[in-house]
Every structure is written in structure tokens, then in C-alpha cells.
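Participant: Data: final26.cif, mmCIF, C-alpha atoms.
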data_input
loop_
_atom_site.label_atom_id
_atom_site.label_comp_id
_atom_site.auth_asym_id
_atom_site.auth_seq_id
_atom_site.Cartn_x
_atom_site.Cartn_y
_atom_site.Cartn_z
CA MET J 410 -14.70 9.51 22.50
CA ASN J 411 -18.32 8.54 22.04
CA LEU J 412 -18.82 5.12 20.46
CA LEU J 413 -22.23 5.82 18.92
CA GLU J 414 -21.06 9.10 17.41
CA ILE J 415 -18.08 7.38 15.79
CA LEU J 416 -20.22 4.59 14.33
CA ASN J 417 -22.68 7.08 12.83
CA LYS J 418 -19.96 8.92 10.90
CA ASN J 419 -19.45 8.44 7.17
CA GLU J 420 -15.67 8.54 7.59
CA ILE J 421 -13.74 7.22 10.61
CA SER J 422 -10.37 8.73 11.49
CA GLN J 423 -7.16 6.95 12.45
CA GLU J 424 -7.67 7.86 16.12
CA GLU J 425 -11.25 6.59 16.03
CA ILE J 426 -10.20 3.25 14.49
CA PHE J 427 -7.64 2.90 17.29
CA PHE J 428 -10.43 3.59 19.80
CA LEU J 429 -12.62 0.87 18.25
CA LEU J 430 -9.79 -1.68 18.29
CA ASN J 431 -9.28 -1.04 22.00
CA LEU J 432 -12.89 -1.64 23.03
CA GLU J 433 -13.05 -4.13 25.89
CA GLU J 434 -16.53 -3.93 27.40
CA LYS J 435 -19.15 -6.48 26.37
CA GLU J 436 -21.75 -3.74 25.91
CA ASP J 437 -19.45 -1.85 23.54
CA PHE J 438 -18.81 -5.04 21.57
CA SER J 439 -22.57 -5.47 21.12
CA ILE J 440 -22.93 -1.91 19.78
CA LEU J 441 -19.98 -2.29 17.37
CA PHE J 442 -21.15 -5.68 16.09
CA GLU J 443 -24.74 -4.52 15.69
CA LYS J 444 -23.50 -1.67 13.48
CA SER J 445 -21.22 -3.87 11.36
CA ARG J 446 -23.98 -6.46 10.93
CA ALA J 447 -26.42 -3.74 9.83
CA VAL J 448 -23.91 -2.39 7.29
CA LYS J 449 -23.40 -5.87 5.83
CA GLU J 450 -27.11 -6.55 5.51
CA LEU J 451 -27.75 -3.12 3.95
CA TYR J 452 -25.08 -3.42 1.25
CA LEU J 453 -24.68 -7.17 0.72
CA GLY J 454 -27.71 -8.87 2.25
CA ARG J 455 -27.85 -11.71 4.76
CA PHE J 456 -26.78 -14.54 2.52
CA LYS J 457 -23.41 -16.27 2.64
CA ASN J 458 -21.56 -16.50 -0.66
CA LYS J 459 -19.08 -19.23 -1.51
CA ILE J 460 -15.67 -19.23 -3.19
CA ALA J 461 -13.35 -22.21 -3.68
CA SER J 462 -9.61 -22.56 -4.20
CA ILE J 463 -7.58 -25.38 -5.67
CA GLN J 464 -3.98 -25.57 -4.52
CA PHE J 465 -2.13 -27.13 -7.46
CA SER J 466 1.39 -26.75 -6.08
CA ASN J 467 2.87 -26.28 -2.62
CA ASN J 468 6.38 -25.66 -3.90
CA CYS J 469 7.56 -22.18 -2.98
CA GLU J 470 10.72 -20.26 -3.77
CA ASN J 471 10.08 -17.80 -0.93
CA ASN J 472 11.27 -18.18 2.64
CA CYS J 473 8.65 -16.27 4.64
CA LEU J 474 9.45 -17.05 8.27
CA TYR J 475 5.87 -17.72 9.37
CA CYS J 476 4.86 -19.99 6.47
CA GLU J 477 4.92 -23.78 6.35
CA LEU J 478 5.47 -23.75 2.58
CA ARG J 479 8.72 -21.77 2.76
CA GLU J 480 11.51 -23.28 0.68
CA ASP J 481 13.74 -24.22 3.63
CA ASN J 482 11.06 -26.32 5.33
CA ILE J 483 12.19 -29.82 4.31
CA SER J 484 9.50 -31.45 6.49
CA THR J 485 6.69 -30.58 4.06
CA PRO J 486 6.01 -33.16 1.29
CA ARG J 487 5.87 -31.28 -2.01
CA PHE J 488 3.57 -31.82 -4.98
CA ARG J 489 2.70 -30.33 -8.36
CA LEU J 490 -0.30 -31.03 -10.57
CA SER J 491 -0.09 -31.09 -14.35
CA PRO J 492 -2.42 -28.75 -16.29
CA ASP J 493 -4.67 -31.70 -17.20
CA GLU J 494 -4.87 -32.78 -13.55
CA ILE J 495 -5.77 -29.23 -12.53
CA LEU J 496 -8.55 -29.09 -15.11
CA VAL J 497 -10.01 -32.37 -13.82
CA LYS J 498 -10.05 -30.99 -10.26
CA ILE J 499 -11.64 -27.75 -11.47
CA LYS J 500 -14.42 -29.70 -13.18
CA GLU J 501 -15.17 -31.56 -9.93
CA ILE J 502 -15.32 -28.35 -7.93
CA ILE J 503 -17.45 -26.42 -10.44
CA SER J 504 -19.91 -29.31 -10.52
CA LYS J 505 -20.83 -28.30 -6.96
CA ASP J 506 -22.16 -24.88 -8.06
CA VAL J 507 -19.04 -22.89 -7.21
CA THR J 508 -18.91 -19.76 -9.39
CA ASN J 509 -15.51 -18.34 -8.42
CA ILE J 510 -12.36 -20.50 -8.49
CA ILE J 511 -9.02 -19.51 -6.98
CA LEU J 512 -6.01 -21.04 -8.72
CA GLN J 513 -3.49 -21.20 -5.89
CA SER J 514 0.17 -22.14 -5.58
CA GLY J 515 3.30 -21.11 -3.79
CA SER J 516 5.82 -18.96 -5.63
CA ASP J 517 6.53 -21.67 -8.17
CA SER J 518 8.19 -20.62 -11.44
CA TYR J 519 7.60 -24.12 -12.88
CA TYR J 520 4.18 -22.78 -13.91
CA ASP J 521 5.23 -20.20 -16.48
CA SER J 522 3.12 -17.53 -18.13
CA ASP J 523 1.97 -19.72 -21.02
CA MET J 524 0.93 -22.60 -18.77
CA ILE J 525 -1.22 -20.37 -16.56
CA SER J 526 -2.68 -18.62 -19.63
CA TYR J 527 -3.63 -22.02 -21.05
CA LEU J 528 -5.38 -22.98 -17.80
CA ILE J 529 -7.34 -19.71 -17.72
CA TYR J 530 -8.35 -20.07 -21.37
CA LYS J 531 -9.49 -23.70 -20.94
CA ILE J 532 -11.46 -23.02 -17.76
CA LYS J 533 -13.20 -20.00 -19.27
CA LYS J 534 -13.94 -21.93 -22.47
CA ASP J 535 -15.52 -24.87 -20.67
CA HIS J 536 -17.15 -23.24 -17.64
CA ASP J 537 -19.13 -20.13 -16.75
CA VAL J 538 -16.98 -19.20 -13.78
CA GLN J 539 -14.87 -16.33 -12.48
CA ILE J 540 -11.16 -16.99 -12.02
CA THR J 541 -9.09 -15.61 -9.17
CA LEU J 542 -5.32 -16.06 -9.37
CA HIS J 543 -3.31 -16.51 -6.19
CA LEU J 544 0.22 -17.06 -7.46
CA LEU J 545 1.92 -14.56 -5.14
CA GLN J 546 4.09 -11.79 -6.57
CA ARG J 547 4.92 -12.39 -10.26
CA CYS J 548 6.19 -10.35 -13.22
CA PHE J 549 4.16 -7.49 -14.67
CA ASP J 550 4.21 -9.12 -18.12
CA GLU J 551 2.65 -12.25 -16.62
CA TYR J 552 -0.15 -10.28 -14.96
CA ARG J 553 -0.90 -8.68 -18.33
CA ALA J 554 -0.91 -11.99 -20.19
CA TRP J 555 -3.21 -13.61 -17.64
CA LYS J 556 -5.66 -10.72 -17.72
CA PHE J 557 -5.73 -10.96 -21.51
CA ALA J 558 -6.39 -14.72 -21.17
CA GLY J 559 -9.48 -13.98 -19.08
CA ALA J 560 -8.56 -13.86 -15.37
CA ASP J 561 -10.97 -11.79 -13.26
CA PHE J 562 -9.42 -11.36 -9.78
CA TYR J 563 -5.92 -11.41 -8.33
CA LEU J 564 -5.33 -12.34 -4.69
CA LEU J 565 -2.17 -10.72 -3.31
CA LYS J 566 -2.10 -10.08 0.42
CA PHE J 567 0.00 -7.23 1.80
CA ASN J 568 0.17 -9.06 5.17
CA SER J 569 1.44 -6.03 7.13
CA SER J 570 1.50 -2.27 6.58
CA ASN J 571 4.63 -2.08 8.76
CA THR J 572 7.56 -1.92 6.31
CA ASN J 573 10.04 -3.41 8.78
CA SER J 574 7.70 -6.23 9.75
CA PHE J 575 6.88 -7.01 6.12
CA SER J 576 10.55 -7.27 5.14
CA PHE J 577 11.43 -9.25 8.27
CA PHE J 578 8.88 -11.95 7.60
CA ASN J 579 9.13 -11.87 3.80
CA LYS J 580 12.93 -11.43 3.61
CA ASN J 581 13.46 -10.79 -0.12
CA ASN J 582 10.29 -8.72 -0.59
CA LYS J 583 9.56 -5.09 0.20
CA LEU J 584 6.18 -3.63 1.12
CA GLU J 585 6.61 -0.83 -1.42
CA ASP J 586 7.05 -3.40 -4.19
CA ARG J 587 3.99 -5.35 -3.02
CA LEU J 588 1.84 -2.22 -3.09
CA ASN J 589 3.15 -1.27 -6.55
CA HIS J 590 2.13 -4.71 -7.79
CA LEU J 591 -1.36 -4.24 -6.36
CA LYS J 592 -1.64 -0.84 -8.08
CA TYR J 593 -0.50 -2.31 -11.39
CA LEU J 594 -2.97 -5.19 -11.12
CA LYS J 595 -5.75 -2.68 -10.53
CA ARG J 596 -4.68 -0.62 -13.58
CA LEU J 597 -4.81 -3.76 -15.72
CA GLY J 598 -8.45 -4.21 -14.75
CA TYR J 599 -8.16 -6.99 -12.18
CA LYS J 600 -10.54 -6.99 -9.26
CA ILE J 601 -8.35 -7.09 -6.18
CA CYS J 602 -8.36 -9.42 -3.19
CA THR J 603 -5.96 -8.49 -0.40
CA GLY J 604 -5.64 -8.29 3.36
CA ASN J 605 -3.36 -8.59 6.36
CA ILE J 606 -2.35 -11.18 8.93
CA VAL J 607 -3.71 -10.43 12.39
CA GLY J 608 -1.46 -11.43 15.28
CA LEU J 609 1.98 -11.46 13.65
CA PRO J 610 4.77 -11.58 16.26
CA ASN J 611 5.56 -8.08 17.59
CA GLN J 612 2.50 -6.62 15.87
CA THR J 613 1.05 -3.58 17.67
CA LYS J 614 -2.41 -2.04 17.73
CA ALA J 615 -0.95 0.86 15.75
CA ASP J 616 0.11 -1.65 13.08
CA LEU J 617 -3.43 -3.00 12.90
CA VAL J 618 -4.86 0.50 12.59
CA ASN J 619 -2.48 1.19 9.70
CA ASP J 620 -3.46 -2.14 8.12
CA LEU J 621 -7.09 -1.01 8.15
CA LEU J 622 -6.20 2.38 6.69
CA LEU J 623 -4.19 0.68 3.95
CA LEU J 624 -7.12 -1.59 3.16
CA LYS J 625 -9.38 1.44 2.90
CA SER J 626 -6.98 3.18 0.52
CA ILE J 627 -6.75 0.10 -1.74
CA GLU J 628 -10.55 -0.43 -1.77
CA PRO J 629 -10.36 -4.10 -2.78
CA GLU J 630 -13.38 -5.95 -4.10
CA LEU J 631 -12.48 -8.92 -1.88
CA VAL J 632 -10.90 -8.73 1.59
CA PHE J 633 -9.09 -11.68 3.15
CA ASN J 634 -7.78 -10.94 6.65
CA THR J 635 -6.33 -14.06 8.24
CA PRO J 636 -5.14 -14.79 11.78
CA PHE J 637 -1.53 -15.72 12.43
CA VAL J 638 -1.35 -19.49 12.92
CA PRO J 639 1.92 -20.81 14.43
CA GLN J 640 3.49 -23.46 12.20
CA TYR J 641 5.60 -26.40 13.35
CA TYR J 642 9.28 -26.23 12.40
CA SER J 643 9.16 -22.45 12.16
CA LYS J 644 10.86 -19.83 14.30
CA PHE J 645 7.48 -18.74 15.66
CA GLN J 646 5.91 -22.14 16.37
CA ASN J 647 5.36 -21.28 20.05
CA ILE J 648 3.60 -17.95 19.49
CA SER J 649 0.05 -17.87 20.85
CA LYS J 650 -2.86 -18.05 18.45
CA VAL J 651 -4.88 -14.88 17.93
CA GLU J 652 -7.83 -14.41 20.27
CA ILE J 653 -11.21 -14.52 18.55
CA SER J 654 -12.24 -11.22 20.22
CA LEU J 655 -9.54 -9.36 18.28
CA MET J 656 -10.53 -11.01 15.00
CA LEU J 657 -14.17 -10.12 15.61
CA LYS J 658 -13.31 -6.46 16.20
CA PHE J 659 -11.02 -6.37 13.18
CA ILE J 660 -13.61 -7.91 10.84
CA ALA J 661 -16.34 -5.63 12.20
CA ILE J 662 -14.26 -2.49 11.63
CA THR J 663 -13.26 -3.74 8.18
CA ARG J 664 -16.94 -4.09 7.30
CA ILE J 665 -17.73 -0.57 8.55
CA ILE J 666 -14.95 1.11 6.54
CA LEU J 667 -15.35 -1.09 3.43
CA ARG J 668 -19.10 -1.35 3.13
CA LYS J 669 -19.39 -2.96 -0.29
CA SER J 670 -16.35 -5.27 -0.26
CA GLU J 671 -16.80 -9.00 0.12
CA ILE J 672 -15.08 -10.24 3.31
CA ILE J 673 -13.80 -13.81 3.11
CA ILE J 674 -13.50 -16.29 5.97
CA SER J 675 -11.64 -19.54 5.38
CA ASP J 676 -13.21 -22.89 6.18
CA SER J 677 -9.88 -24.09 7.61
CA ILE J 678 -10.27 -25.47 11.13
CA ASP J 679 -6.80 -24.16 11.98
CA PHE J 680 -8.07 -20.65 11.40
CA PHE J 681 -11.46 -20.85 13.13
CA ASP J 682 -13.75 -23.47 14.62
CA ARG J 683 -17.39 -23.67 13.58
CA ASN J 684 -18.68 -21.37 16.31
CA GLU J 685 -15.98 -18.77 15.62
CA LYS J 686 -16.80 -18.79 11.90
CA LYS J 687 -20.44 -18.23 12.72
CA GLN J 688 -19.54 -15.24 14.91
CA LEU J 689 -17.33 -13.75 12.19
CA PHE J 690 -20.16 -13.96 9.68
CA GLU J 691 -22.50 -12.33 12.17
CA VAL J 692 -20.23 -9.29 12.56
CA GLY J 693 -19.55 -8.60 8.89
CA ALA J 694 -17.98 -11.42 6.86
CA ASN J 695 -20.12 -12.68 3.98
CA MET J 696 -18.08 -15.14 1.90
CA LEU J 697 -16.89 -18.63 2.83
CA LEU J 698 -13.67 -19.91 1.25
CA ILE J 699 -13.50 -23.68 0.79
CA GLU J 700 -9.91 -24.74 0.15
CA PHE J 701 -8.93 -27.90 -1.71
CA ALA J 702 -5.45 -29.43 -1.80
CA GLY J 703 -4.66 -30.96 -5.16
CA ASN J 704 -2.46 -33.69 -3.65
CA SER J 705 -5.35 -35.62 -2.10
CA ASP J 706 -8.33 -36.99 -3.97
CA GLU J 707 -9.92 -38.05 -0.70
CA LYS J 708 -9.58 -34.55 0.71
CA LEU J 709 -11.17 -33.10 -2.41
CA LYS J 710 -14.06 -35.55 -2.16
CA ASN J 711 -14.61 -34.81 1.53
CA ASN J 712 -14.49 -31.06 1.06
CA LEU J 713 -16.97 -31.19 -1.77
CA ASN J 714 -19.29 -32.87 0.72
CA HIS J 715 -18.68 -29.87 3.02
CA ASN J 716 -16.80 -31.81 5.66
CA SER J 717 -14.65 -28.95 6.97
CA LYS J 718 -12.98 -31.23 9.52
CA ASN J 719 -10.60 -32.24 6.75
CA THR J 720 -9.42 -28.71 5.93
CA SER J 721 -6.17 -28.00 7.70
CA ALA J 722 -3.64 -25.19 7.83
CA LYS J 723 -1.44 -27.10 5.40
CA ASP J 724 -3.79 -26.08 2.61
CA LYS J 725 -4.72 -22.57 3.67
CA ILE J 726 -3.89 -19.33 1.92
CA ALA J 727 -1.37 -17.62 4.15
CA ASN J 728 0.47 -14.94 2.18
#
How does this structure look as C-alpha cells?
Facilitator:
Amino acid sequence: MNLLEILNKNEISQEEIFFLLNLEEKEDFSILFEKSRAVKELYLGRFKNKIASIQFSNNCENNCLYCELREDNISTPRFRLSPDEILVKIKEIISKDVTNIILQSGSDSYYDSDMISYLIYKIKKDHDVQITLHLLQRCFDEYRAWKFAGADFYLLKFNSSNTNSFSFFNKNNKLEDRLNHLKYLKRLGYKICTGNIVGLPNQTKADLVNDLLLLKSIEPELVFNTPFVPQYYSKFQNISKVEISLMLKFIAITRIILRKSEIIISDSIDFFDRNEKKQLFEVGANMLLIEFAGNSDEKLKNNLNHNSKNTSAKDKIAN
């Protein structure tokens, strides 16, 4: 296959995506990254946008094997914020010119439909800001109520297009159900944020190709592809971290096949260091996610001052 011919096509096939993912030569990397950078600048410009999330609960009723927040992990101190506490945190974040707020928690049924609707209503009433919900997989009636209350985006990652892998790591969930939820959210009028996890144990290049094809079929407004980060006290704590070269290729290809979608990179130091983040923005990412944990006022203060050294994997969006 000819690299330049592939990159000049309007549509890239499954075989051609596989070819791009398997590039190894430095010269080929330069050609791929030059193309993805040009696509980003043409459709979205050179500027870096900013989005912020507030994690108001790290309680989770799921038991995803790769996640630190899973219910069986008794080593993680748990917290919940009251609605009033959440609103105070939101006010502090919005005061720093953030225009899109992600309300984030684990799968925590303590926050029922009415409580989340109240939060959305109050935030929209008091602030000119977009609201993204990241509450994992919930009931269809709840999605409808929250859209009616004023929510704009819903973040629900599919994590893996491999049905066996998805069920293995997410135990009680099925990929088909996850995709049906994404379709329903789209029908309700939500703008969608989704993505995969790169580097899951036993993941193959074919899996990654299918992840990219699934992303293309969903056509999300926001894309959030995250690297697998081994967590202490999990079955996969000794798995190697994803190499930056693979993430760079994956983000570049994502940009080429989803030209107008915003591609998010987290500010978490457990995902990427400063130089790696810079490289990822150079090859196609255009939005920085700053994540705040609601259990630490000092962390919130430091993050608002853009001290990313204090952002750890304990507060990152994983699934």
C-alpha cells in the first residue's frame, strides 16, 4: 500500500487503517502526523480548547476489572458531595473561564434522577455553560429527564469494540447494550462523547482497527480515547503502560477519520507527561480536560492554578 495515496483519500478502508496502525518508520510517522495536523488546523484551527470535570462521587456499583473505583476495591477511600457542595465547586471552576463542565461520578444510584435534574437546572440558571454528564450507564428515563433539564452532552465510553473483551472487563455489561444507550442518547438530542481504551490486556491491532471503525460509525462530537493505566490492587496491576508511539498513531488516525470532532486529552500525569501531551496535540488532539476531585479543596485550588502535577489517575475518567 502507498501511504500518501491512503492519506489523500476521502474514505479510508479497514485494511488501510490497519496499515496505518502498523507504521513503524520514522519517516512514515512524519507523513501521517503532518496529515493529521493539517486536518485539525483546517477544520478546528490551531487553538487548544478547555473542558473541566468535577468528580462529585467515587462510589461505584460496577466491578470493572481494570478500574480503581470498582466496588470490590476496599483500598480506595470513598466520598460523596451534596448538591450544595457540588454547586460551590462548579462556581469556583466556572470562575476560571471554563465553558463546558463535566459532572462525573462512578455508577452511584445515590444520585437519583431528581437530584441530577436539580443540579443541571441550577447550573444552567446561574451560569452560561454547557453541561456534560458522565454518570456511566443509567436508565433511559433518566437520560430523558436530564436532557429536558438542560444537559448538553453525555460522556459514555464504549472502551472496546470487542464484545468478549468488553464483557470480560465490565462483567455485568454488554457491548450491545452500551451501543444501544449511545444510540438512544443521540436520538434524545445529546451531543455524544465516547471513545476506547488503548492498551487493554490481550487487545490486538484488529481490535484497535474495529474501535476506530466504531468511532467513525458513531460520529461523536467529542472523542475521548484513553490509554490503559495499570491500577494497584487490580488483577492487571503489572501490565505495561501503553507506548506513546501507539497513542500518537491512534490519535492521528482518529483525527483523519473524524475531521470535525473535538479530541480530548486528559491533563492527568498518569495518562501522559507534559511532553507527551504536547505531541498528542500536535498530531490531532485539540481539547484539554482538566479534572477536579471533589474530595480535596487543595487539589481543586491547585488545579485551578493549572498545576497539573496534582492530577493523578485516582481522579481520571476511565470508563
Participant: Neighbouring residues of Leu453 in chain J were defined as those with any atom within 10 Å, considering all atoms listed in the file; residues of the same chain fewer than 5 positions away were excluded. Please report them as a PyMOL selection string.
Facilitator: chain J and resi 447-448+458+668-671+693+695
Participant: If you keep C-alpha atoms, can you produce a file of those selected residues as a PDB file, keeping the file's coordinate frame?
Facilitator:
ATOM      1  CA  ALA J 447     -26.420  -3.740   9.830  1.00  0.00           C
ATOM      2  CA  VAL J 448     -23.910  -2.390   7.290  1.00  0.00           C
ATOM      3  CA  ASN J 458     -21.560 -16.500  -0.660  1.00  0.00           C
ATOM      4  CA  ARG J 668     -19.100  -1.350   3.130  1.00  0.00           C
ATOM      5  CA  LYS J 669     -19.390  -2.960  -0.290  1.00  0.00           C
ATOM      6  CA  SER J 670     -16.350  -5.270  -0.260  1.00  0.00           C
ATOM      7  CA  GLU J 671     -16.800  -9.000   0.120  1.00  0.00           C
ATOM      8  CA  GLY J 693     -19.550  -8.600   8.890  1.00  0.00           C
ATOM      9  CA  ASN J 695     -20.120 -12.680   3.980  1.00  0.00           C
TER      10      ASN J 695
END
Participant: Work out how far apart CA of Ile510 in chain J and CA of Tyr452 in chain J are and give it in Å to one decimal.
Facilitator: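 It comes out at 23.4 Å.
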Participant: Find the spatial neighbours of range 588-598 of chain J, counting all atoms listed in the file, within a cut-off of 9 Å - ignore same-chain residues fewer than 6 positions away - and output them as a ChimeraX atom specification.
Facilitator: /J:546-549,552-553,556,561-563,565-567,627
Participant: To one decimal place in Å, what is the distance between CA of Glu628 in chain J and CA of Asn573 in chain J?
Facilitator: 23.3 Å
Participant: Pick the closest to Leu657 in chain J from J:Asn634, J:Asn419, J:Ser516, J:Gln688: which is it, counting all atoms listed in the file?
Facilitator: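 Under the stated criterion, the closest residue is J:Gln688.
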Participant: Rank nothing, just name the residue among J:Gly608, J:Asp550, J:Gln513, J:Tyr599 nearest to Glu630 in chain J, using all atoms listed in the file.
Facilitator: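 The shortest atom-to-atom distance to Glu630 in chain J comes from J:Tyr599.
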Participant: For the structure shown, which residues end up in the PyMOL selection byres ((chain J and resi 613) around 12)? Put them as a list of chain:residue names, please?
Facilitator: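 Selected by the PyMOL selection byres ((chain J and resi 613) around 12) here: J:Phe427, J:Leu430, J:Asn431, J:Ser569, J:Ser570, J:Asn571, J:Ser574, J:Val607, J:Gly608, J:Leu609, J:Pro610, J:Asn611, J:Gln612, J:Lys614, J:Ala615, J:Asp616, J:Leu617, J:Val618, J:Asn619, J:Asp620.
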Participant: Quick one: residues within 7 Å of Arg664 in chain J, all atoms listed in the file, excluding same-chain residues fewer than 2 positions away - as a ChimeraX atom specification?
Facilitator: /J:445,449,660-662,666-668,693
Participant: Could you work out how far CA of Phe557 in chain J lies from CA of Glu501 in chain J, giving the answer in Å with one decimal?
Facilitator: 25.4 Å
Participant: Do you know which residues are at most 12 Å from Asp535 in chain J counting all atoms listed in the file, after dropping those on the same chain fewer than 6 positions away, and could you put them as a VMD selection string?
Facilitator: chain J and resid 496 to 497 499 to 500 503 to 504 528 to 529
Participant: Choose the residue, out of J:Ile463, J:Gly515, J:Lys583, J:Glu691, that has the smallest atom-to-atom separation from Thr541 in chain J; count all atoms listed in the file.
Facilitator: J:Ile463
Participant: Check the smallest atom-to-atom distance from each of J:Ile674, J:Ile532, J:Asn684, J:Ile460 to Thr508 in chain J using all atoms listed in the file, then report the winner.
Facilitator: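 Closest residue, counting all atoms listed in the file: J:Ile460.
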Participant: Kindly indicate which residue among J:Asn582, J:Asn417, J:Ser677, J:Asn471 lies nearest to Glu700 in chain J, using only C-alpha atoms for the distances.
Facilitator: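 Ranked by minimum distance to Glu700 in chain J, first place goes to J:Ser677.
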Participant: Which protein, DNA or RNA residues are at most 9 Å from (-20.1, -11.7, 16.0) in the file's coordinates when you count only C-alpha atoms, listed as a PyMOL selection string?
Facilitator: chain J and resi 438-439+442-443+446+654+657-658+661+685-693
Participant: Using only C-alpha atoms, find the one residue out of J:Ala461, J:Ala558, J:Val632, J:Cys473 that sits nearest to Asn581 in chain J.
Facilitator: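 That would be J:Cys473, the residue with the smallest distance to Asn581 in chain J.
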Participant: Any idea what's packed within 8 Å of Ser675 in chain J, counting all atoms listed in the file, ignoring anything in its chain fewer than 4 positions away? Could you give it as a VMD selection string?
Facilitator: chain J and resid 680 to 681 697 to 700 725
Participant: Would you export the selected residues with C-alpha atoms as a short mmCIF file (atom, residue, chain, number, x, y, z; two decimals), in the frame of the given file, please?
Facilitator:
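Contents of the output file result.cif:
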data_model
loop_
_atom_site.label_atom_id
_atom_site.label_comp_id
_atom_site.auth_asym_id
_atom_site.auth_seq_id
_atom_site.Cartn_x
_atom_site.Cartn_y
_atom_site.Cartn_z
CA PHE J 680 -8.07 -20.65 11.40
CA PHE J 681 -11.46 -20.85 13.13
CA LEU J 697 -16.89 -18.63 2.83
CA LEU J 698 -13.67 -19.91 1.25
CA ILE J 699 -13.50 -23.68 0.79
CA GLU J 700 -9.91 -24.74 0.15
CA LYS J 725 -4.72 -22.57 3.67
#
Participant: Mind giving me the axis-aligned box for range 436-444 of chain J with 6 Å on every side, centre plus edges in Å to one decimal, as AutoDock Vina command-line options?
Facilitator:
--center_x -21.8 --center_y -3.7 --center_z 19.7 --size_x 17.9 --size_y 16.0 --size_z 24.4
Participant: Applied to the shown file, which residues does the PyMOL selection byres ((chain J and resi 651) around 10) return, written as a list in words?
Facilitator: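 In the shown coordinates, the PyMOL selection byres ((chain J and resi 651) around 10) covers Val607, Gly608, Leu609, Thr635, Pro636, Phe637, Val638, Pro639, Ile648, Ser649, Lys650, Glu652, Ile653, Ser654, Leu655, Met656 and Phe680 of chain J.
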Participant: Take the point (-8.2, -23.4, -22.4) in the file's coordinates, draw a sphere of radius 12 Å around it, and report as a list in words every protein, DNA or RNA residue with an atom inside or on it, counting all atoms listed in the file.
Facilitator: Pro492, Asp493, Ile495, Leu496, Asp523, Met524, Ile525, Ser526, Tyr527, Leu528, Ile529, Tyr530, Lys531, Ile532, Lys533, Lys534, Asp535, His536, Trp555, Ala558, Gly559 and Ala560 of chain J
Participant: How would range 420-426 of chain J read, as a compact mmCIF listing (two decimals), keeping the file's coordinate frame, once all heavy atoms are built in?
Facilitator:
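And here is the file that came out, rebuild_28.txt:
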# COMPACT_ATOMS: atom_id res chain seq x y z
N GLU J 420 -17.09 8.80 7.65
CA GLU J 420 -15.67 8.54 7.59
C GLU J 420 -15.12 8.45 9.01
O GLU J 420 -15.43 9.30 9.85
CB GLU J 420 -14.92 9.63 6.82
CG GLU J 420 -15.30 9.74 5.36
CD GLU J 420 -14.80 8.57 4.54
OE1 GLU J 420 -13.79 7.96 4.95
OE2 GLU J 420 -15.41 8.27 3.49
N ILE J 421 -14.31 7.43 9.28
CA ILE J 421 -13.74 7.22 10.61
C ILE J 421 -12.25 7.51 10.55
O ILE J 421 -11.54 7.00 9.67
CB ILE J 421 -14.00 5.78 11.10
CG1 ILE J 421 -15.50 5.50 11.13
CG2 ILE J 421 -13.41 5.58 12.49
CD1 ILE J 421 -15.85 4.07 11.53
N SER J 422 -11.77 8.31 11.49
CA SER J 422 -10.37 8.73 11.49
C SER J 422 -9.45 7.64 12.05
O SER J 422 -9.91 6.65 12.63
CB SER J 422 -10.20 10.00 12.31
OG SER J 422 -10.39 9.72 13.70
N GLN J 423 -8.16 7.87 11.92
CA GLN J 423 -7.16 6.95 12.45
C GLN J 423 -7.31 6.79 13.96
O GLN J 423 -7.26 5.68 14.49
CB GLN J 423 -5.75 7.47 12.12
CG GLN J 423 -4.63 6.57 12.59
CD GLN J 423 -3.26 7.07 12.12
OE1 GLN J 423 -3.17 8.03 11.36
NE2 GLN J 423 -2.21 6.40 12.55
N GLU J 424 -7.52 7.90 14.66
CA GLU J 424 -7.67 7.86 16.12
C GLU J 424 -8.93 7.10 16.51
O GLU J 424 -8.95 6.37 17.51
CB GLU J 424 -7.71 9.28 16.69
CG GLU J 424 -6.42 10.07 16.57
CD GLU J 424 -6.18 10.60 15.16
OE1 GLU J 424 -7.14 10.59 14.33
OE2 GLU J 424 -5.04 11.02 14.88
N GLU J 425 -9.99 7.26 15.73
CA GLU J 425 -11.25 6.59 16.03
C GLU J 425 -11.16 5.08 15.77
O GLU J 425 -11.74 4.29 16.52
CB GLU J 425 -12.37 7.23 15.23
CG GLU J 425 -12.70 8.64 15.72
CD GLU J 425 -13.52 9.45 14.74
OE1 GLU J 425 -13.55 9.11 13.54
OE2 GLU J 425 -14.14 10.45 15.17
N ILE J 426 -10.43 4.68 14.73
CA ILE J 426 -10.20 3.25 14.49
C ILE J 426 -9.42 2.65 15.65
O ILE J 426 -9.73 1.54 16.13
CB ILE J 426 -9.45 3.03 13.17
CG1 ILE J 426 -10.35 3.42 11.98
CG2 ILE J 426 -9.01 1.56 13.02
CD1 ILE J 426 -9.65 3.36 10.64
